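The file query.cif comes next; it holds mmCIF, C-alpha atoms.
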```cif
data_target
#
loop_
_atom_site.label_atom_id
_atom_site.label_comp_id
_atom_site.auth_asym_id
_atom_site.auth_seq_id
_atom_site.Cartn_x
_atom_site.Cartn_y
_atom_site.Cartn_z
CA MET A 7 9.51 -143.87 -95.90
CA ALA A 8 5.88 -142.83 -95.50
CA HIS A 9 5.02 -139.40 -94.11
CA PRO A 10 1.23 -139.54 -93.53
CA ARG A 11 0.94 -135.92 -92.43
CA PHE A 12 2.71 -134.58 -95.54
CA GLU A 13 0.85 -137.03 -97.76
CA GLN A 14 -2.43 -135.64 -96.49
CA TRP A 15 -1.18 -132.11 -97.10
CA VAL A 16 -0.22 -133.06 -100.66
CA PHE A 17 -3.84 -134.07 -101.33
CA GLU A 18 -5.17 -130.86 -99.77
CA ARG A 19 -2.44 -128.60 -101.07
CA LYS A 20 -4.75 -125.91 -102.46
CA ARG A 21 -6.61 -125.48 -99.19
CA LEU A 22 -3.55 -125.40 -96.92
CA GLU A 23 -2.72 -122.46 -94.69
CA ALA A 24 0.37 -120.52 -95.71
CA SER A 25 2.52 -121.88 -92.87
CA LYS A 26 1.62 -125.50 -93.64
CA ALA A 27 2.11 -124.90 -97.37
CA ALA A 28 5.62 -123.56 -96.69
CA GLU A 29 6.42 -126.50 -94.42
CA LEU A 30 5.21 -128.90 -97.13
CA GLU A 31 7.31 -127.19 -99.82
CA ALA A 32 10.37 -127.48 -97.60
CA HIS A 33 9.65 -131.15 -96.98
CA LEU A 34 9.17 -131.90 -100.67
CA GLU A 35 12.65 -130.50 -101.37
CA THR A 36 14.17 -133.15 -99.16
CA CYS A 37 11.82 -136.17 -99.49
CA GLU A 38 11.79 -137.94 -102.84
CA ALA A 39 8.86 -140.25 -101.98
CA CYS A 40 6.59 -137.32 -101.09
CA ARG A 41 7.81 -135.37 -104.14
CA ASN A 42 6.87 -138.28 -106.40
CA LEU A 43 3.51 -138.51 -104.68
CA ALA A 44 2.92 -134.78 -105.20
CA THR A 45 3.84 -135.01 -108.88
CA GLY A 46 1.70 -138.08 -109.41
CA TRP A 47 -1.28 -136.57 -107.62
CA GLN A 48 -0.97 -133.35 -109.61
CA GLY A 49 -1.17 -135.41 -112.80
CA VAL A 50 -4.16 -137.40 -111.54
CA GLU A 51 -6.02 -134.26 -110.49
CA ALA A 52 -5.46 -132.74 -113.92
CA GLU A 53 -6.86 -135.89 -115.58
CA LEU A 54 -9.82 -135.97 -113.25
CA ARG A 55 -10.58 -132.34 -114.08
CA ARG A 56 -10.42 -133.09 -117.79
CA GLY A 57 -12.88 -135.97 -117.45
CA ARG A 58 -16.02 -134.83 -119.21
CA GLN A 59 -19.68 -135.27 -118.49
CA LEU A 60 -20.77 -138.04 -120.86
CA GLU A 61 -24.00 -137.82 -122.76
CA VAL A 62 -26.62 -140.42 -121.97
CA PRO A 63 -27.30 -142.72 -124.97
CA ALA A 64 -30.34 -141.58 -126.97
CA GLY A 65 -33.62 -143.33 -126.13
CA PHE A 66 -32.58 -144.13 -122.58
CA VAL A 67 -35.95 -143.10 -121.09
CA ARG A 68 -37.93 -144.96 -123.76
CA ARG A 69 -35.93 -148.11 -123.11
CA PHE A 70 -36.49 -147.69 -119.40
CA GLN A 71 -40.25 -147.41 -119.94
CA SER A 72 -40.38 -150.60 -121.99
CA ARG A 73 -38.26 -152.35 -119.37
CA LEU A 74 -40.62 -151.14 -116.67
CA ASN A 75 -43.58 -152.50 -118.64
CA MET A 76 -41.83 -155.84 -119.06
CA GLU A 77 -41.14 -155.94 -115.35
CA ARG A 78 -44.80 -155.15 -114.64
CA ASN A 79 -46.03 -157.89 -116.99
CA ARG A 80 -43.63 -160.37 -115.44
CA ARG A 81 -44.86 -159.42 -111.98
CA ARG A 82 -48.52 -159.75 -113.06
CA ALA A 83 -47.83 -163.18 -114.61
CA ARG A 84 -46.07 -164.26 -111.41
CA LEU A 85 -49.03 -163.04 -109.35
CA ALA A 86 -51.56 -164.82 -111.58
CA LEU A 87 -49.53 -168.02 -111.31
CA LEU A 88 -49.42 -167.66 -107.55
CA VAL A 89 -53.19 -167.15 -107.33
CA LEU A 90 -53.80 -170.12 -109.62
CA ALA A 91 -51.45 -172.32 -107.62
CA SER A 92 -53.05 -171.33 -104.30
CA MET A 93 -56.55 -171.93 -105.74
CA SER A 94 -55.52 -175.37 -107.01
CA LEU A 95 -54.00 -176.20 -103.65
CA THR A 96 -57.17 -175.09 -101.84
CA LEU A 97 -59.32 -177.15 -104.20
CA MET A 98 -57.13 -180.20 -103.78
CA ALA A 99 -57.19 -179.81 -100.01
CA GLY A 100 -60.99 -179.45 -100.07
CA VAL A 101 -61.45 -182.56 -102.23
CA GLY A 102 -59.05 -184.48 -100.01
CA LEU A 103 -60.90 -183.46 -96.86
CA ALA A 104 -64.27 -184.36 -98.41
CA LEU A 105 -62.94 -187.77 -99.47
CA ALA A 106 -61.50 -188.42 -96.04
CA GLU A 107 -64.83 -187.47 -94.45
CA LEU A 108 -66.69 -189.72 -96.87
CA ILE A 109 -64.43 -192.69 -96.14
CA THR A 110 -64.84 -192.14 -92.41
CA ARG A 111 -68.61 -192.08 -92.72
CA LEU A 112 -68.94 -194.87 -95.33
CA PRO A 113 -70.03 -197.64 -92.87
CA THR A 114 -72.72 -195.33 -91.47
CA ILE A 115 -74.05 -194.56 -94.95
CA VAL A 116 -74.09 -198.25 -95.96
CA ALA A 117 -75.91 -199.14 -92.74
CA TRP A 118 -78.50 -196.42 -93.41
CA ILE A 119 -79.12 -197.67 -96.96
CA LEU A 120 -79.56 -201.28 -95.69
CA LYS A 121 -81.93 -200.09 -92.97
CA THR A 122 -84.00 -198.18 -95.52
CA ILE A 123 -84.16 -201.24 -97.79
CA GLU A 124 -85.19 -203.36 -94.79
CA GLN A 125 -88.02 -200.91 -94.04
CA PHE A 126 -89.42 -201.37 -97.52
CA ARG A 127 -89.39 -205.18 -97.41
CA TRP A 128 -93.09 -205.34 -96.40
CA VAL A 129 -93.99 -203.73 -99.76
CA GLY A 130 -92.38 -206.70 -101.53
CA GLU A 131 -94.19 -209.15 -99.28
CA LEU A 132 -97.53 -207.40 -99.98
CA LEU A 133 -96.89 -207.52 -103.73
CA GLY A 134 -96.17 -211.25 -103.43
CA VAL A 135 -99.48 -211.85 -101.65
CA VAL A 136 -101.41 -209.86 -104.29
CA GLY A 137 -99.64 -211.82 -107.06
CA ASP A 138 -100.53 -215.15 -105.47
CA PHE A 139 -104.18 -214.05 -105.17
CA LEU A 140 -104.34 -212.99 -108.82
CA ARG A 141 -102.69 -216.22 -109.97
CA VAL A 142 -105.26 -218.36 -108.07
CA LEU A 143 -108.09 -216.20 -109.42
CA LEU A 144 -106.94 -216.51 -113.03
CA GLU A 145 -106.43 -220.28 -112.72
CA SER A 146 -109.94 -220.77 -111.34
CA LEU A 147 -111.42 -218.49 -114.02
CA ALA A 148 -109.55 -220.30 -116.83
CA GLY A 149 -110.91 -223.59 -115.66
CA ASN A 150 -114.56 -222.40 -115.47
CA ILE A 151 -115.02 -220.07 -118.52
CA PRO A 152 -115.78 -221.77 -121.93
CA ALA A 153 -113.51 -221.21 -124.95
CA LEU A 154 -116.09 -219.21 -126.92
CA LEU A 155 -116.44 -216.69 -124.11
CA TRP A 156 -112.63 -216.32 -124.07
CA LEU A 157 -112.73 -215.53 -127.77
CA ALA A 158 -115.50 -212.96 -127.29
CA VAL A 159 -113.61 -211.25 -124.44
CA SER A 160 -110.41 -211.19 -126.54
CA ALA A 161 -112.26 -209.65 -129.51
CA LEU A 162 -113.83 -207.03 -127.23
CA PHE A 163 -110.44 -206.07 -125.77
CA SER A 164 -108.91 -205.89 -129.27
CA ALA A 165 -111.73 -203.62 -130.49
CA LEU A 166 -111.40 -201.36 -127.45
CA SER A 167 -107.61 -201.17 -127.94
CA PHE A 168 -108.07 -200.26 -131.61
CA ALA A 169 -110.61 -197.55 -130.76
CA TRP A 170 -108.24 -196.17 -128.14
CA LEU A 171 -105.32 -195.96 -130.54
CA LEU A 172 -107.57 -194.40 -133.23
CA SER A 173 -108.68 -191.71 -130.80
CA PHE A 174 -105.01 -190.86 -130.16
CA TYR A 175 -104.39 -190.61 -133.86
CA ARG A 176 -107.41 -188.40 -134.59
CA LEU A 177 -107.13 -186.12 -131.59
CA GLY A 178 -103.44 -185.65 -131.67
CA TYR A 179 -101.49 -186.51 -134.78
CA ARG A 180 -103.94 -185.45 -137.49
CA ARG A 181 -104.74 -182.07 -135.92
CA VAL A 182 -101.09 -181.25 -135.81
CA GLU A 183 -100.75 -182.27 -139.45
CA LYS A 184 -103.55 -179.84 -140.45
CA GLU A 185 -102.00 -176.91 -138.67
CA MET B 5 -32.32 -133.20 -119.24
CA THR B 6 -35.57 -132.00 -117.70
CA SER B 7 -35.06 -128.95 -115.49
CA THR B 8 -36.05 -129.66 -111.94
CA THR B 9 -36.65 -127.67 -108.79
CA PRO B 10 -37.08 -129.14 -105.30
CA GLN B 11 -40.84 -128.36 -105.52
CA HIS B 12 -41.16 -130.14 -108.86
CA GLU B 13 -39.09 -133.03 -107.62
CA ARG B 14 -41.19 -133.41 -104.48
CA ALA B 15 -44.42 -133.32 -106.48
CA TRP B 16 -43.12 -135.95 -108.92
CA ILE B 17 -41.95 -138.19 -106.10
CA LEU B 18 -45.31 -137.94 -104.32
CA LYS B 19 -47.17 -138.75 -107.53
CA ALA B 20 -44.78 -141.59 -108.35
CA LYS B 21 -45.26 -142.99 -104.86
CA GLN B 22 -48.97 -143.17 -105.64
CA GLY B 23 -48.19 -145.23 -108.74
CA ASP B 24 -47.99 -142.48 -111.38
CA ASP B 25 -45.59 -143.82 -114.02
CA ASP B 26 -45.38 -140.53 -115.89
CA ALA B 27 -44.18 -138.76 -112.76
CA PHE B 28 -41.49 -141.39 -112.29
CA THR B 29 -40.49 -141.01 -115.94
CA LEU B 30 -39.92 -137.30 -115.27
CA LEU B 31 -37.58 -138.27 -112.44
CA VAL B 32 -35.74 -140.63 -114.78
CA GLU B 33 -35.39 -137.84 -117.33
CA ALA B 34 -34.09 -135.47 -114.68
CA TYR B 35 -31.51 -137.84 -113.17
CA GLN B 36 -30.50 -140.07 -116.08
CA SER B 37 -27.30 -138.13 -116.68
CA PRO B 38 -25.76 -138.27 -113.15
CA VAL B 39 -26.80 -141.90 -112.74
CA TYR B 40 -25.47 -142.94 -116.15
CA ASN B 41 -22.21 -141.04 -115.63
CA LEU B 42 -21.63 -142.64 -112.24
CA CYS B 43 -22.32 -146.09 -113.68
CA TYR B 44 -20.02 -145.42 -116.59
CA ARG B 45 -17.18 -144.19 -114.39
CA MET B 46 -17.65 -147.17 -112.12
CA LEU B 47 -17.96 -149.87 -114.77
CA GLY B 48 -16.08 -148.42 -117.73
CA GLU B 49 -18.30 -149.89 -120.44
CA ALA B 50 -21.04 -147.94 -122.18
CA GLN B 51 -23.43 -150.88 -122.61
CA GLU B 52 -22.97 -152.17 -119.09
CA ALA B 53 -23.29 -148.64 -117.73
CA GLU B 54 -26.64 -148.18 -119.44
CA ASP B 55 -27.84 -151.53 -118.19
CA ALA B 56 -26.75 -150.67 -114.66
CA ALA B 57 -28.39 -147.23 -114.86
CA GLN B 58 -31.66 -148.82 -116.00
CA GLU B 59 -31.46 -151.37 -113.19
CA THR B 60 -30.85 -148.51 -110.77
CA PHE B 61 -34.06 -146.77 -111.80
CA LEU B 62 -35.99 -150.05 -111.66
CA LYS B 63 -34.73 -150.65 -108.12
CA ALA B 64 -35.67 -147.09 -107.20
CA PHE B 65 -39.14 -147.61 -108.65
CA ARG B 66 -39.60 -150.83 -106.67
CA ASN B 67 -38.43 -149.23 -103.43
CA LEU B 68 -39.95 -145.80 -103.85
CA ARG B 69 -42.37 -146.36 -100.97
CA ARG B 70 -39.38 -146.63 -98.66
CA TYR B 71 -37.83 -143.37 -99.86
CA ASP B 72 -37.60 -140.75 -97.14
CA LEU B 73 -38.73 -137.38 -98.53
CA ASP B 74 -36.36 -135.53 -96.21
CA ARG B 75 -33.42 -137.08 -98.00
CA ARG B 76 -32.09 -135.59 -101.23
CA PHE B 77 -33.41 -137.69 -104.11
CA LEU B 78 -30.12 -137.47 -106.04
CA ASN B 79 -28.22 -138.86 -103.03
CA TRP B 80 -30.70 -141.69 -102.72
CA ILE B 81 -30.59 -142.65 -106.38
CA LEU B 82 -26.79 -142.37 -106.52
CA SER B 83 -26.49 -144.61 -103.49
CA ILE B 84 -28.58 -147.23 -105.29
CA ALA B 85 -26.45 -146.80 -108.42
CA SER B 86 -23.13 -147.02 -106.58
CA ASN B 87 -24.17 -150.08 -104.58
CA HIS B 88 -25.45 -151.75 -107.73
CA CYS B 89 -22.18 -151.04 -109.56
CA ILE B 90 -20.12 -152.25 -106.59
CA ASP B 91 -22.08 -155.51 -106.64
CA ARG B 92 -21.51 -155.88 -110.36
CA LEU B 93 -17.79 -155.22 -109.98
CA ARG B 94 -17.52 -157.78 -107.19
CA LYS B 95 -19.23 -160.35 -109.39
CA ARG B 96 -16.86 -159.76 -112.27
CA ARG B 97 -13.75 -159.48 -110.11
CA TRP B 98 -11.90 -162.10 -112.08
CA LYS B 99 -13.28 -161.15 -115.46
CA LEU B 100 -10.93 -159.12 -117.65
CA VAL B 101 -12.25 -156.14 -119.57
CA SER B 102 -11.40 -156.37 -123.25
CA ILE B 103 -9.45 -153.68 -125.07
CA GLU B 104 -12.39 -153.32 -127.49
CA ALA B 105 -14.65 -152.47 -124.60
CA LEU B 106 -12.23 -149.83 -123.39
CA ILE B 107 -11.97 -148.30 -126.85
CA SER B 108 -15.74 -148.22 -127.50
CA MET B 109 -16.39 -145.39 -125.10
CA PRO B 110 -19.13 -142.84 -125.67
CA VAL B 111 -18.03 -139.35 -126.56
CA SER B 112 -19.67 -136.12 -125.52
CA ARG B 113 -21.56 -134.45 -128.36
CA GLU B 114 -21.14 -131.01 -126.85
CA ASP B 115 -18.41 -129.92 -129.20
CA GLU B 116 -18.70 -132.56 -132.00
CA PRO B 117 -14.93 -133.10 -132.27
CA GLY B 118 -13.04 -133.85 -135.44
CA PRO B 119 -11.16 -137.17 -135.87
CA GLU B 120 -7.95 -135.99 -134.19
CA ARG B 121 -9.74 -134.42 -131.25
CA HIS B 122 -11.97 -137.48 -131.03
CA LEU B 123 -8.95 -139.77 -130.85
CA ALA B 124 -7.29 -137.57 -128.24
CA GLN B 125 -10.45 -137.61 -126.14
CA LYS B 126 -10.64 -141.37 -126.40
CA GLN B 127 -7.06 -141.69 -125.26
CA GLU B 128 -7.71 -139.36 -122.34
CA GLU B 129 -10.75 -141.39 -121.37
CA GLN B 130 -8.74 -144.59 -121.59
CA ARG B 131 -5.98 -143.20 -119.41
CA LEU B 132 -8.45 -142.02 -116.82
CA HIS B 133 -10.39 -145.22 -116.99
CA SER B 134 -7.33 -147.42 -116.56
CA LEU B 135 -6.38 -145.38 -113.50
CA LEU B 136 -9.80 -145.77 -111.89
CA MET B 137 -10.19 -149.44 -112.75
CA ASN B 138 -7.37 -150.45 -110.43
CA LEU B 139 -9.12 -149.04 -107.39
CA ARG B 140 -11.36 -151.09 -105.11
CA PRO B 141 -15.04 -150.60 -106.04
CA VAL B 142 -15.97 -148.59 -102.94
CA ASP B 143 -12.81 -146.44 -103.18
CA ARG B 144 -13.59 -145.83 -106.84
CA ALA B 145 -17.12 -144.71 -106.00
CA ALA B 146 -15.74 -142.37 -103.35
CA VAL B 147 -13.25 -140.79 -105.77
CA ILE B 148 -15.89 -140.39 -108.49
CA MET B 149 -18.35 -138.70 -106.16
CA HIS B 150 -15.71 -136.45 -104.66
CA TYR B 151 -14.19 -135.27 -107.93
CA TRP B 152 -17.09 -135.40 -110.42
CA TYR B 153 -20.05 -134.71 -108.24
CA ASP B 154 -18.31 -132.39 -105.76
CA TYR B 155 -19.89 -134.31 -102.91
CA SER B 156 -18.80 -133.53 -99.38
CA TYR B 157 -17.38 -136.22 -97.12
CA GLU B 158 -20.69 -136.33 -95.25
CA GLU B 159 -22.68 -136.86 -98.45
CA ILE B 160 -20.35 -139.57 -99.78
CA ALA B 161 -20.36 -141.33 -96.41
CA GLU B 162 -24.17 -141.29 -96.47
CA VAL B 163 -24.38 -142.57 -100.03
CA LEU B 164 -21.83 -145.35 -99.48
CA SER B 165 -23.04 -146.17 -95.96
CA VAL B 166 -19.59 -145.79 -94.37
CA SER B 167 -18.37 -143.65 -91.50
CA ILE B 168 -16.57 -140.38 -92.24
CA PRO B 169 -13.21 -141.55 -90.80
CA ALA B 170 -13.47 -144.75 -92.87
CA LEU B 171 -14.27 -142.70 -95.95
CA LYS B 172 -11.28 -140.38 -95.37
CA SER B 173 -9.05 -143.38 -94.99
CA ARG B 174 -10.41 -144.91 -98.19
CA LEU B 175 -9.94 -141.65 -100.11
CA HIS B 176 -6.39 -141.28 -98.81
CA ARG B 177 -5.52 -144.82 -99.91
CA ALA B 178 -7.20 -144.30 -103.30
CA ARG B 179 -5.33 -141.05 -103.94
CA ARG B 180 -2.01 -142.66 -103.06
CA GLU B 181 -2.71 -145.54 -105.41
CA LEU B 182 -3.79 -143.21 -108.21
CA ALA B 183 -0.70 -141.05 -107.80
CA ALA B 184 1.59 -144.11 -107.78
CA GLN B 185 -0.07 -145.49 -110.91
CA TRP B 186 0.18 -142.17 -112.68
CA MET B 187 3.90 -141.93 -111.89
CA GLU B 188 4.49 -145.50 -113.03
CA ARG B 189 2.71 -144.85 -116.31
CA GLU B 190 4.63 -141.65 -116.93
CA MET B 191 7.90 -143.45 -116.24
CA THR B 192 6.96 -146.14 -118.76
CA LEU B 193 6.13 -143.47 -121.34
CA VAL B 194 9.40 -141.63 -120.69
CA GLN B 195 11.28 -144.91 -121.14
CA GLY B 196 9.51 -145.37 -124.51
CA GLY B 197 7.15 -148.16 -123.46
CA GLN B 198 3.46 -148.45 -124.21
CA PRO B 199 1.11 -148.22 -121.25
CA ASP B 200 -1.23 -151.17 -121.38
CA GLY B 201 -4.70 -150.11 -120.30
CA ALA B 202 -6.14 -153.61 -120.58
CA SER B 203 -3.45 -155.23 -118.48
CA ALA B 204 -3.94 -152.54 -115.86
CA VAL B 205 -7.60 -153.58 -115.68
#
```

Would you write out, as structure tokens, the structure that this file holds?
Amino acid sequence: MAHPRFEQWVFERKRLEASKAAELEAHLETCEACRNLATGWQGVEAELRRGRQLEVPAGFVRRFQSRLNMERNRRRARLALLVLASMSLTLMAGVGLALAELITRLPTIVAWILKTIEQFRWVGELLGVVGDFLRVLLESLAGNIPALLWLAVSALFSALSFAWLLSFYRLGYRRVEKE
Amino acid sequence: MTSTTPQHERAWILKAKQGDDDAFTLLVEAYQSPVYNLCYRMLGEAQEAEDAAQETFLKAFRNLRRYDLDRRFLNWILSIASNHCIDRLRKRRWKLVSIEALISMPVSREDEPGPERHLAQKQEEQRLHSLLMNLRPVDRAAVIMHYWYDYSYEEIAEVLSVSIPALKSRLHRARRELAAQWMEREMTLVQGGQPDGASAV
């Protein structure tokens, strides 16, 4: 049978007032369960008192410091990874947005290019007119100039071309060679 | 152990809060013994106790900004240690502790005992350990703090985050269980049997 009051007194036996201590002693004489509890607790208390302060394994602080450093490095690596991942995501989002914008505006851009080309069509037409004029001029000249004159003009152009090339050679290439 | 005064302690904590590792190392040096001893009494294995003690200091380092300077640092660090050990014990609830682990207990170097004394100390430790290991983790923490750290009910209740009546009830139950176990073991010894520490765990 449990006697909570006496059980509590057993655990606080040393701090009990004299009257309570006497009452407890009287109860222990008659109650075997509480007597066993008192004996058992006495033994436990003695063992608890004998329990020594254990020495911390040598190098505990050093090991803690290296563990702290490892933890720091791991945290830094995690942070770097996080920054890298967020930068990649931002870049990807930016490229995606730019592409989407480009696709949306593609017809406008194509239309602008075509319009620009259209604006420059008159240049082509002008060049065509000039070409036609030159062709007619050359045909009429070829029909009217004698063959000997053609030979003389060709020789003159060849001589002028040779003199031109020679001037390049003398003014440029040879001076460099001397230096 | 580094000697510490409340002024020193406060200065170290303030410096550590500002990220000074050396100041925190001084705190580790000062409190390694109580933290390690609590972990050892809670877990019963030297290697696991050291690991738990190291984890305790790491957790303290991570949460130092949240530490209230009005609170006693030892109480704060012991509350981290006890909660960490309770978590570990809950995780390994179904895992048996080997006899080898119980035997490989660290011995105090205070008196450098001879082989006989050494063996006797080991046996004492084993007996004590097998008694404690049968208690619930929180009850065990309460008993350890009450009997090894001389903590008051108020301090233990604060460390374990329980009310004082709940703590008293836990301590009462734990003492009853310890006394019953002790009697049972003595009866077995008287009858010539061998108390089995491992099976008790």

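Applying the 9 Å criterion to (-23.2, -148.2, -121.7) in file coordinates and using all atoms listed in the file, one obtains the residues Val62 and Pro63 of chain A; Tyr40, Cys43, Tyr44, Leu47, Gly48, Glu49, Ala50, Gln51, Glu52, Ala53, Glu54, Asp55, Ala56, Ala57, Met109 and Pro110 of chain B.
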
key: Atomic distance CA of Arg80 (chain A) - CA of Asn79 (chain B), expressed in Å with one decimal   = 29.2 Å

query = If we count only C-alpha atoms, which residues of chain B reach to within 9 Å of chain A? Please list them as a PyMOL selection string.
reply = chain B and resi 25+29+32-33+36-38+40-41+44+50+54+58-59+61-62+65+110-114+128-129+131-132+135+148+151-152+176+179-180+182-188+190

Suppose we keep C-alpha atoms; can you now write the selection as an mmCIF file, in the frame of the given file?
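Written out: result-v3.cif:
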```cif
data_model
loop_
_atom_site.group_PDB
_atom_site.id
_atom_site.type_symbol
_atom_site.label_atom_id
_atom_site.label_comp_id
_atom_site.auth_asym_id
_atom_site.auth_seq_id
_atom_site.Cartn_x
_atom_site.Cartn_y
_atom_site.Cartn_z
ATOM 1 C CA ASP B 25 -45.590 -143.820 -114.020
ATOM 2 C CA THR B 29 -40.490 -141.010 -115.940
ATOM 3 C CA VAL B 32 -35.740 -140.630 -114.780
ATOM 4 C CA GLU B 33 -35.390 -137.840 -117.330
ATOM 5 C CA GLN B 36 -30.500 -140.070 -116.080
ATOM 6 C CA SER B 37 -27.300 -138.130 -116.680
ATOM 7 C CA PRO B 38 -25.760 -138.270 -113.150
ATOM 8 C CA TYR B 40 -25.470 -142.940 -116.150
ATOM 9 C CA ASN B 41 -22.210 -141.040 -115.630
ATOM 10 C CA TYR B 44 -20.020 -145.420 -116.590
ATOM 11 C CA ALA B 50 -21.040 -147.940 -122.180
ATOM 12 C CA GLU B 54 -26.640 -148.180 -119.440
ATOM 13 C CA GLN B 58 -31.660 -148.820 -116.000
ATOM 14 C CA GLU B 59 -31.460 -151.370 -113.190
ATOM 15 C CA PHE B 61 -34.060 -146.770 -111.800
ATOM 16 C CA LEU B 62 -35.990 -150.050 -111.660
ATOM 17 C CA PHE B 65 -39.140 -147.610 -108.650
ATOM 18 C CA PRO B 110 -19.130 -142.840 -125.670
ATOM 19 C CA VAL B 111 -18.030 -139.350 -126.560
ATOM 20 C CA SER B 112 -19.670 -136.120 -125.520
ATOM 21 C CA ARG B 113 -21.560 -134.450 -128.360
ATOM 22 C CA GLU B 114 -21.140 -131.010 -126.850
ATOM 23 C CA GLU B 128 -7.710 -139.360 -122.340
ATOM 24 C CA GLU B 129 -10.750 -141.390 -121.370
ATOM 25 C CA ARG B 131 -5.980 -143.200 -119.410
ATOM 26 C CA LEU B 132 -8.450 -142.020 -116.820
ATOM 27 C CA LEU B 135 -6.380 -145.380 -113.500
ATOM 28 C CA ILE B 148 -15.890 -140.390 -108.490
ATOM 29 C CA TYR B 151 -14.190 -135.270 -107.930
ATOM 30 C CA TRP B 152 -17.090 -135.400 -110.420
ATOM 31 C CA HIS B 176 -6.390 -141.280 -98.810
ATOM 32 C CA ARG B 179 -5.330 -141.050 -103.940
ATOM 33 C CA ARG B 180 -2.010 -142.660 -103.060
ATOM 34 C CA LEU B 182 -3.790 -143.210 -108.210
ATOM 35 C CA ALA B 183 -0.700 -141.050 -107.800
ATOM 36 C CA ALA B 184 1.590 -144.110 -107.780
ATOM 37 C CA GLN B 185 -0.070 -145.490 -110.910
ATOM 38 C CA TRP B 186 0.180 -142.170 -112.680
ATOM 39 C CA MET B 187 3.900 -141.930 -111.890
ATOM 40 C CA GLU B 188 4.490 -145.500 -113.030
ATOM 41 C CA GLU B 190 4.630 -141.650 -116.930
#
```

request  = May I ask for the distance between CA of Glu181 (chain B) and CA of Asn138 (chain B), given in Å to one decimal place?
outcome  = 8.4 Å

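The gap separating CA of Ala161 (chain B) from CA of Arg21 (chain A) is 21.2 Å, in Å to one decimal.
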
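Counting only C-alpha atoms, the residue from B:Phe28, B:Trp16, B:Tyr71, B:Tyr157 that sits nearest to Ile84 (chain B) is B:Tyr71.
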
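Across B:Gln125, B:Glu13, B:Leu82, B:Glu159, the tightest approach to Ala64 (chain B) is made by B:Leu82 when counting all atoms listed in the file.
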
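For the residues A:His9, A:Phe174, A:Ser72, A:Lys20, ranking by smallest atom-to-atom distance to His33 (chain A) using all atoms listed in the file places A:His9 first.
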
At a cut-off of 8 Å, using only C-alpha atoms, what residues contact Leu175 (chain B)? Leave out same-chain residues fewer than 3 positions from it and give the result as a tab-separated table (two decimals) with C-alpha atoms, keeping the file's coordinate frame.
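Contents of result-v1.tsv, as written:
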```tsv
chain	number	residue	atom	x	y	z
B	143	ASP	CA	-12.81	-146.44	-103.18
B	146	ALA	CA	-15.74	-142.37	-103.35
B	147	VAL	CA	-13.25	-140.79	-105.77
B	171	LEU	CA	-14.27	-142.70	-95.95
B	172	LYS	CA	-11.28	-140.38	-95.37
B	178	ALA	CA	-7.20	-144.30	-103.30
B	179	ARG	CA	-5.33	-141.05	-103.94
```

ask   = Which polymer residues have any atom within 9 Å of an atom of Leu31 (chain B), counting only C-alpha atoms, with same-chain residues fewer than 4 positions away left out, as number ranges by chain?
value = B: 6, 8, 13, 16-17, 20, 26-27, 35-36

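Using all atoms listed in the file for every distance, the candidate list B:Ala145, B:Asp72, B:Gln22, B:Met137 yields B:Ala145 as the residue closest to Ile160 (chain B).
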
message = Given the PyMOL selection byres ((chain A and resi 27-32) around 10) and the file above, list the residues it selects as a list in words.
response = Arg11, Phe12, Glu13, Trp15, Val16, Glu18, Arg19, Lys20, Arg21, Leu22, Glu23, Ala24, Ser25, Lys26, His33, Leu34, Glu35, Thr36, Cys37, Cys40 and Arg41 of chain A
